[in-house]
$ cat work-v7.cif   # mmCIF, C-alpha atoms
data_start
loop_
_atom_site.group_PDB
_atom_site.id
_atom_site.type_symbol
_atom_site.label_atom_id
_atom_site.label_comp_id
_atom_site.auth_asym_id
_atom_site.auth_seq_id
_atom_site.Cartn_x
_atom_site.Cartn_y
_atom_site.Cartn_z
ATOM 1 C CA MET A 217 0.000 0.000 0.000
ATOM 2 C CA PRO A 218 1.444 3.393 -0.951
ATOM 3 C CA VAL A 219 1.914 6.116 1.627
ATOM 4 C CA SER A 220 -1.075 8.450 1.757
ATOM 5 C CA LYS A 221 -0.702 12.170 2.157
ATOM 6 C CA LEU A 222 -0.526 13.454 5.705
ATOM 7 C CA PRO A 223 -4.136 14.081 6.767
ATOM 8 C CA GLY A 224 -4.606 17.695 7.783
ATOM 9 C CA ILE A 225 -6.597 19.455 10.474
ATOM 10 C CA GLY A 226 -10.314 19.300 9.722
ATOM 11 C CA GLU A 227 -10.047 16.123 7.674
ATOM 12 C CA ALA A 228 -11.629 12.837 8.724
ATOM 13 C CA ALA A 229 -9.219 10.641 10.651
ATOM 14 C CA PRO A 230 -8.495 7.419 8.725
ATOM 15 C CA ASP A 231 -10.108 4.538 10.569
ATOM 16 C CA PHE A 232 -8.147 1.490 11.649
ATOM 17 C CA GLU A 233 -8.301 -1.629 13.785
ATOM 18 C CA LEU A 234 -5.135 -2.951 15.421
ATOM 19 C CA PRO A 235 -4.207 -5.585 18.025
ATOM 20 C CA ALA A 236 -3.552 -4.172 21.474
ATOM 21 C CA VAL A 237 -1.192 -5.046 24.276
ATOM 22 C CA GLY A 238 -3.276 -6.846 26.886
ATOM 23 C CA GLY A 239 -5.417 -8.583 24.277
ATOM 24 C CA GLY A 240 -8.132 -7.777 21.815
ATOM 25 C CA THR A 241 -8.172 -5.151 19.135
ATOM 26 C CA VAL A 242 -8.871 -1.434 19.143
ATOM 27 C CA CYS A 243 -10.919 0.243 16.432
ATOM 28 C CA LEU A 244 -10.608 4.011 16.146
ATOM 29 C CA GLU A 245 -14.209 4.464 15.055
ATOM 30 C CA THR A 246 -15.616 2.967 18.255
ATOM 31 C CA GLN A 247 -13.038 4.479 20.578
ATOM 32 C CA PRO A 248 -14.310 7.152 23.007
ATOM 33 C CA LYS A 249 -13.083 10.568 21.900
ATOM 34 C CA PRO A 250 -11.201 12.851 21.977
ATOM 35 C CA VAL A 251 -8.222 10.661 21.214
ATOM 36 C CA ALA A 252 -4.552 11.504 20.865
ATOM 37 C CA LEU A 253 -2.780 9.215 18.394
ATOM 38 C CA VAL A 254 0.933 8.821 19.036
ATOM 39 C CA PHE A 255 2.814 7.017 16.263
ATOM 40 C CA ILE A 256 6.120 6.231 17.824
ATOM 41 C CA ARG A 257 9.484 5.997 16.158
ATOM 42 C CA CYS A 258 11.769 3.098 17.017
ATOM 43 C CA LEU A 259 11.648 1.809 20.612
ATOM 44 C CA ALA A 260 15.202 2.849 21.492
ATOM 45 C CA MET B 297 2.997 12.779 25.752
ATOM 46 C CA GLN B 298 5.412 13.239 28.672
ATOM 47 C CA LEU B 299 3.135 11.517 31.193
ATOM 48 C CA HIS B 300 5.735 12.058 33.907
ATOM 49 C CA ARG B 301 5.321 15.845 33.745
ATOM 50 C CA PRO B 302 3.167 17.456 36.438
ATOM 51 C CA GLY B 303 -0.380 18.172 35.343
ATOM 52 C CA ILE B 304 -0.453 16.160 32.122
ATOM 53 C CA VAL B 305 -2.331 13.136 33.472
ATOM 54 C CA GLU B 306 -4.732 15.366 35.431
ATOM 55 C CA THR B 307 -5.539 17.338 32.279
ATOM 56 C CA LEU B 308 -6.139 14.160 30.255
ATOM 57 C CA GLU B 309 -8.509 12.965 32.968
ATOM 58 C CA SER B 310 -10.423 16.251 33.072
ATOM 59 C CA LEU B 311 -10.855 16.152 29.283
ATOM 60 C CA GLU B 312 -11.835 12.453 29.395
ATOM 61 C CA ALA B 313 -9.277 12.005 26.641
ATOM 62 C CA GLN B 314 -7.814 8.711 25.480
ATOM 63 C CA ILE B 315 -4.356 8.002 24.099
ATOM 64 C CA LEU B 316 -3.619 5.374 21.474
ATOM 65 C CA VAL B 317 0.093 4.669 21.157
ATOM 66 C CA ILE B 318 0.907 2.933 17.888
ATOM 67 C CA SER B 319 4.186 1.161 17.244
ATOM 68 C CA PHE B 320 5.509 -0.786 14.285
ATOM 69 C CA ALA B 321 7.081 -3.238 16.751
ATOM 70 C CA GLN B 322 5.574 -6.687 17.216
ATOM 71 C CA LEU B 323 3.346 -7.075 20.303
ATOM 72 C CA PRO B 324 5.893 -8.988 22.470
ATOM 73 C CA ARG B 325 8.585 -6.374 21.793
ATOM 74 C CA LEU B 326 6.126 -3.597 22.553
ATOM 75 C CA GLU B 327 5.125 -5.238 25.861
ATOM 76 C CA HIS B 328 8.783 -5.500 26.833
ATOM 77 C CA TRP B 329 9.342 -1.816 26.037
ATOM 78 C CA ILE B 330 6.292 -0.730 28.066
ATOM 79 C CA ALA B 331 7.727 -2.440 31.147
ATOM 80 C CA TYR B 332 11.002 -0.603 30.597
ATOM 81 C CA PHE B 333 9.211 2.720 30.054
ATOM 82 C CA ARG B 334 7.210 2.343 33.269
ATOM 83 C CA ARG B 335 10.301 1.459 35.274
ATOM 84 C CA LYS B 336 12.541 4.131 33.779
ATOM 85 C CA PHE B 337 10.265 7.128 33.364
ATOM 86 C CA LEU B 338 7.037 6.641 35.304
ATOM 87 C CA ALA B 339 8.216 4.881 38.470
ATOM 88 C CA PRO B 340 10.248 7.858 39.759
ATOM 89 C CA VAL B 341 7.169 10.100 39.515
ATOM 90 C CA TRP B 342 4.199 7.788 39.967
ATOM 91 C CA GLY B 343 5.650 5.019 42.118
ATOM 92 C CA VAL B 344 4.935 2.141 39.789
ATOM 93 C CA GLU B 345 6.847 -0.209 42.033
ATOM 94 C CA GLY B 346 6.630 -0.502 45.806
ATOM 95 C CA SER B 347 3.597 -0.138 48.043
ATOM 96 C CA ALA B 348 0.024 -0.971 47.073
ATOM 97 C CA ALA B 349 -0.823 2.741 47.074
ATOM 98 C CA ALA B 350 2.116 3.448 44.817
ATOM 99 C CA SER B 351 0.986 0.694 42.508
ATOM 100 C CA THR B 352 -2.468 2.271 42.212
ATOM 101 C CA ARG B 353 -0.930 5.644 41.472
ATOM 102 C CA GLY B 354 1.412 3.969 39.014
ATOM 103 C CA ASP B 355 -1.480 2.676 36.921
ATOM 104 C CA ARG B 356 -2.958 6.158 36.596
ATOM 105 C CA PRO B 357 -0.788 7.435 33.702
ATOM 106 C CA PHE B 358 -1.743 4.409 31.597
ATOM 107 C CA ALA B 359 -5.415 4.265 32.612
ATOM 108 C CA ARG B 360 -6.425 6.120 29.431
ATOM 109 C CA THR B 361 -3.754 4.629 27.196
ATOM 110 C CA ARG B 362 -3.775 1.606 24.888
ATOM 111 C CA PHE B 363 -0.685 0.355 23.092
ATOM 112 C CA LEU B 364 -1.240 -0.981 19.587
ATOM 113 C CA SER B 365 0.972 -2.914 17.219
ATOM 114 C CA ASP B 366 1.157 -2.171 13.497
ATOM 115 C CA PRO B 367 4.097 -4.247 12.240
ATOM 116 C CA GLU B 368 2.917 -4.040 8.627
ATOM 117 C CA ARG B 369 2.782 -0.221 9.018
ATOM 118 C CA GLU B 370 -0.502 -0.005 7.162
ATOM 119 C CA VAL B 371 -1.835 2.575 9.605
ATOM 120 C CA TYR B 372 1.436 4.502 9.497
ATOM 121 C CA ARG B 373 1.023 4.740 5.731
ATOM 122 C CA ALA B 374 -2.661 5.666 6.005
ATOM 123 C CA TYR B 375 -1.585 8.628 8.131
ATOM 124 C CA GLY B 376 1.082 9.706 5.650
ATOM 125 C CA LEU B 377 4.016 8.570 7.764
ATOM 126 C CA ASP B 378 6.734 7.432 5.387
ATOM 127 C CA ARG B 379 10.405 6.745 6.038
ATOM 128 C CA LEU B 380 13.036 9.447 6.265
ATOM 129 C CA SER B 381 15.999 9.498 3.937
ATOM 130 C CA PRO B 382 19.206 8.313 5.663
ATOM 131 C CA LEU B 383 20.665 11.764 5.030
ATOM 132 C CA ARG B 384 17.886 13.441 6.990
ATOM 133 C CA ALA B 385 17.950 10.872 9.806
ATOM 134 C CA GLY B 386 21.688 11.393 10.242
ATOM 135 C CA SER B 387 21.653 15.158 9.875
ATOM 136 C CA PRO B 388 23.957 17.319 12.028
ATOM 137 C CA HIS B 389 20.856 18.400 13.939
ATOM 138 C CA ILE B 390 20.158 14.801 15.020
ATOM 139 C CA LEU B 391 23.785 14.001 15.776
ATOM 140 C CA ASN B 392 23.948 17.153 17.917
ATOM 141 C CA GLN B 393 20.897 15.979 19.860
ATOM 142 C CA TYR B 394 22.500 12.610 20.652
ATOM 143 C CA LEU B 395 25.739 14.350 21.663
ATOM 144 C CA ARG B 396 23.758 16.604 24.012
ATOM 145 C CA TRP B 397 21.964 13.607 25.569
ATOM 146 C CA THR B 398 25.286 11.815 26.059
ATOM 147 C CA LEU B 399 26.782 14.849 27.798
ATOM 148 C CA GLN B 400 23.684 15.044 30.026
ATOM 149 C CA GLY B 401 24.271 11.423 31.054
ATOM 150 C CA ARG B 402 21.077 10.191 29.411
ATOM 151 C CA PRO B 403 21.229 6.618 28.141
ATOM 152 C CA VAL B 404 21.570 6.414 24.373
ATOM 153 C CA HIS B 405 20.946 2.895 23.100
ATOM 154 C CA LEU B 406 21.956 1.459 19.793
ATOM 155 C CA THR B 407 19.041 -0.213 18.112
ATOM 156 C CA THR B 408 18.543 -2.743 15.372
ATOM 157 C CA GLU B 409 15.089 -1.345 14.624
ATOM 158 C CA ASP B 410 14.207 0.885 11.718
ATOM 159 C CA VAL B 411 15.361 4.351 12.742
ATOM 160 C CA LEU B 412 14.103 5.870 9.499
ATOM 161 C CA GLN B 413 10.393 5.369 10.125
ATOM 162 C CA ARG B 414 8.652 8.668 10.758
ATOM 163 C CA GLY B 415 6.514 9.126 13.838
ATOM 164 C CA GLY B 416 3.590 11.457 14.169
ATOM 165 C CA ASN B 417 0.992 12.950 16.472
ATOM 166 C CA PHE B 418 -2.701 13.445 15.731
ATOM 167 C CA VAL B 419 -5.768 14.386 17.741
ATOM 168 C CA VAL B 420 -9.204 13.089 16.768
ATOM 169 C CA GLY B 421 -12.255 15.007 17.965
ATOM 170 C CA ARG B 422 -15.658 13.668 18.934
ATOM 171 C CA ASP B 423 -16.820 14.084 15.330
ATOM 172 C CA GLY B 424 -13.993 11.905 14.011
ATOM 173 C CA HIS B 425 -12.113 14.797 12.438
ATOM 174 C CA LEU B 426 -8.570 15.860 13.176
ATOM 175 C CA THR B 427 -7.825 18.870 15.347
ATOM 176 C CA PHE B 428 -4.077 18.250 15.293
ATOM 177 C CA SER B 429 -1.707 16.758 12.732
ATOM 178 C CA HIS B 430 2.061 16.692 12.985
ATOM 179 C CA THR B 431 5.046 14.807 11.657
ATOM 180 C CA GLY B 432 8.453 16.345 12.053
ATOM 181 C CA ARG B 433 11.116 17.302 9.526
ATOM 182 C CA ASP B 434 13.271 14.678 11.313
ATOM 183 C CA GLN B 435 13.135 12.426 14.377
ATOM 184 C CA SER B 436 13.906 15.267 16.783
ATOM 185 C CA ASP B 437 11.028 17.471 15.629
ATOM 186 C CA ARG B 438 8.192 16.599 17.985
ATOM 187 C CA PRO B 439 5.236 18.641 19.179
ATOM 188 C CA SER B 440 5.032 19.806 22.770
ATOM 189 C CA ALA B 441 2.646 18.130 25.178
ATOM 190 C CA ASP B 442 0.993 21.523 25.617
ATOM 191 C CA ALA B 443 0.194 21.706 21.896
ATOM 192 C CA ILE B 444 -1.436 18.267 22.011
ATOM 193 C CA LEU B 445 -3.422 19.131 25.138
ATOM 194 C CA ALA B 446 -4.643 22.334 23.474
ATOM 195 C CA ALA B 447 -5.872 20.288 20.502
ATOM 196 C CA LEU B 448 -7.612 17.851 22.863
ATOM 197 C CA ARG B 449 -9.380 20.771 24.557
ATOM 198 C CA TYR B 450 -10.479 22.054 21.162
ATOM 199 C CA ALA B 451 -11.651 18.577 20.163
ATOM 200 C CA ASN B 452 -13.711 18.123 23.302
#

$ encode --input "work-v7.cif" --output "structure tokens"
Amino acid sequence: MPVSKLPGIGEAAPDFELPAVGGGTVCLETQPKPVALVFIRCLA
Amino acid sequence: MQLHRPGIVETLESLEAQILVISFAQLPRLEHWIAYFRRKFLAPVWGVEGSAAASTRGDRPFARTRFLSDPEREVYRAYGLDRLSPLRAGSPHILNQYLRWTLQGRPVHLTTEDVLQRGGNFVVGRDGHLTFSHTGRDQSDRPSADAILAALRYAN
């Protein structure tokens, strides 16, 4: 999948569902909001 | 998010905000890192280890946080987070930062992970739209916690 453009302020947040530490998955759409998304760099 | 800083956790609680931390590491590696992060950065402030009361306080910074694994980086790509060029990742600005950390006595670890993957910070409001969007020019360019909290207030 190619890299999308960086979504800007005011745009809809791309939805996703990912496995979580502790079990289960988390879906952005059903997550209580507001939500801060932190995409981390390497775990140095 | 600098959860060890005074006032950050209290503000997140007052805003009823959640934090989703997304890593491209596999789940087991991410779990291992979380334990290190708690011990190294949160324990001195929140008392993660020790008495039962300290343990309760220690859970507070993570009470609104979930850690997610995206090893295929599909979500990274959906949010426009590509990889830096090696030239940018090894710029004098970055090397200066590591030199400064070394002189301050901060631990600087070598890693076998992908140091070129961009990170980013976003805030999603109640309507599902973004009130904050940031990826840096390099790995040292990160938004302040205050800027993220301001966006969370606006999103509330």

$ interface_residues --input "work-v7.cif" --of "chain A" --to "chain B" --cutoff "6 Å" --atoms "all atoms listed in the file" --output "list in words"
Val219, Ser220, Lys221, Leu222, Gly224, Ile225, Gly226, Glu227, Ala228, Ala229, Pro235, Ala236, Val237, Lys249, Pro250, Val251, Ala252, Leu253, Val254, Phe255, Ile256, Arg257, Cys258 and Ala260 of chain A

$ atom_distance --input "work-v7.cif" --atom1 "CA of Ile304 in chain B" --atom2 "CA of Phe358 in chain B"
11.8 Å

$ atom_distance --input "work-v7.cif" --atom1 "CA of Gly238 in chain A" --atom2 "CA of Gly303 in chain B"
26.6 Å

$ resolve_selection --input "work-v7.cif" --expression "the PyMOL selection byres ((chain A and resi 244-248) around 7)" --output "number ranges by chain"
A: 231-233, 242-243, 249-250

$ atom_distance --input "work-v7.cif" --atom1 "CA of Ala359 in chain B" --atom2 "CA of Gly239 in chain A"
15.3 Å
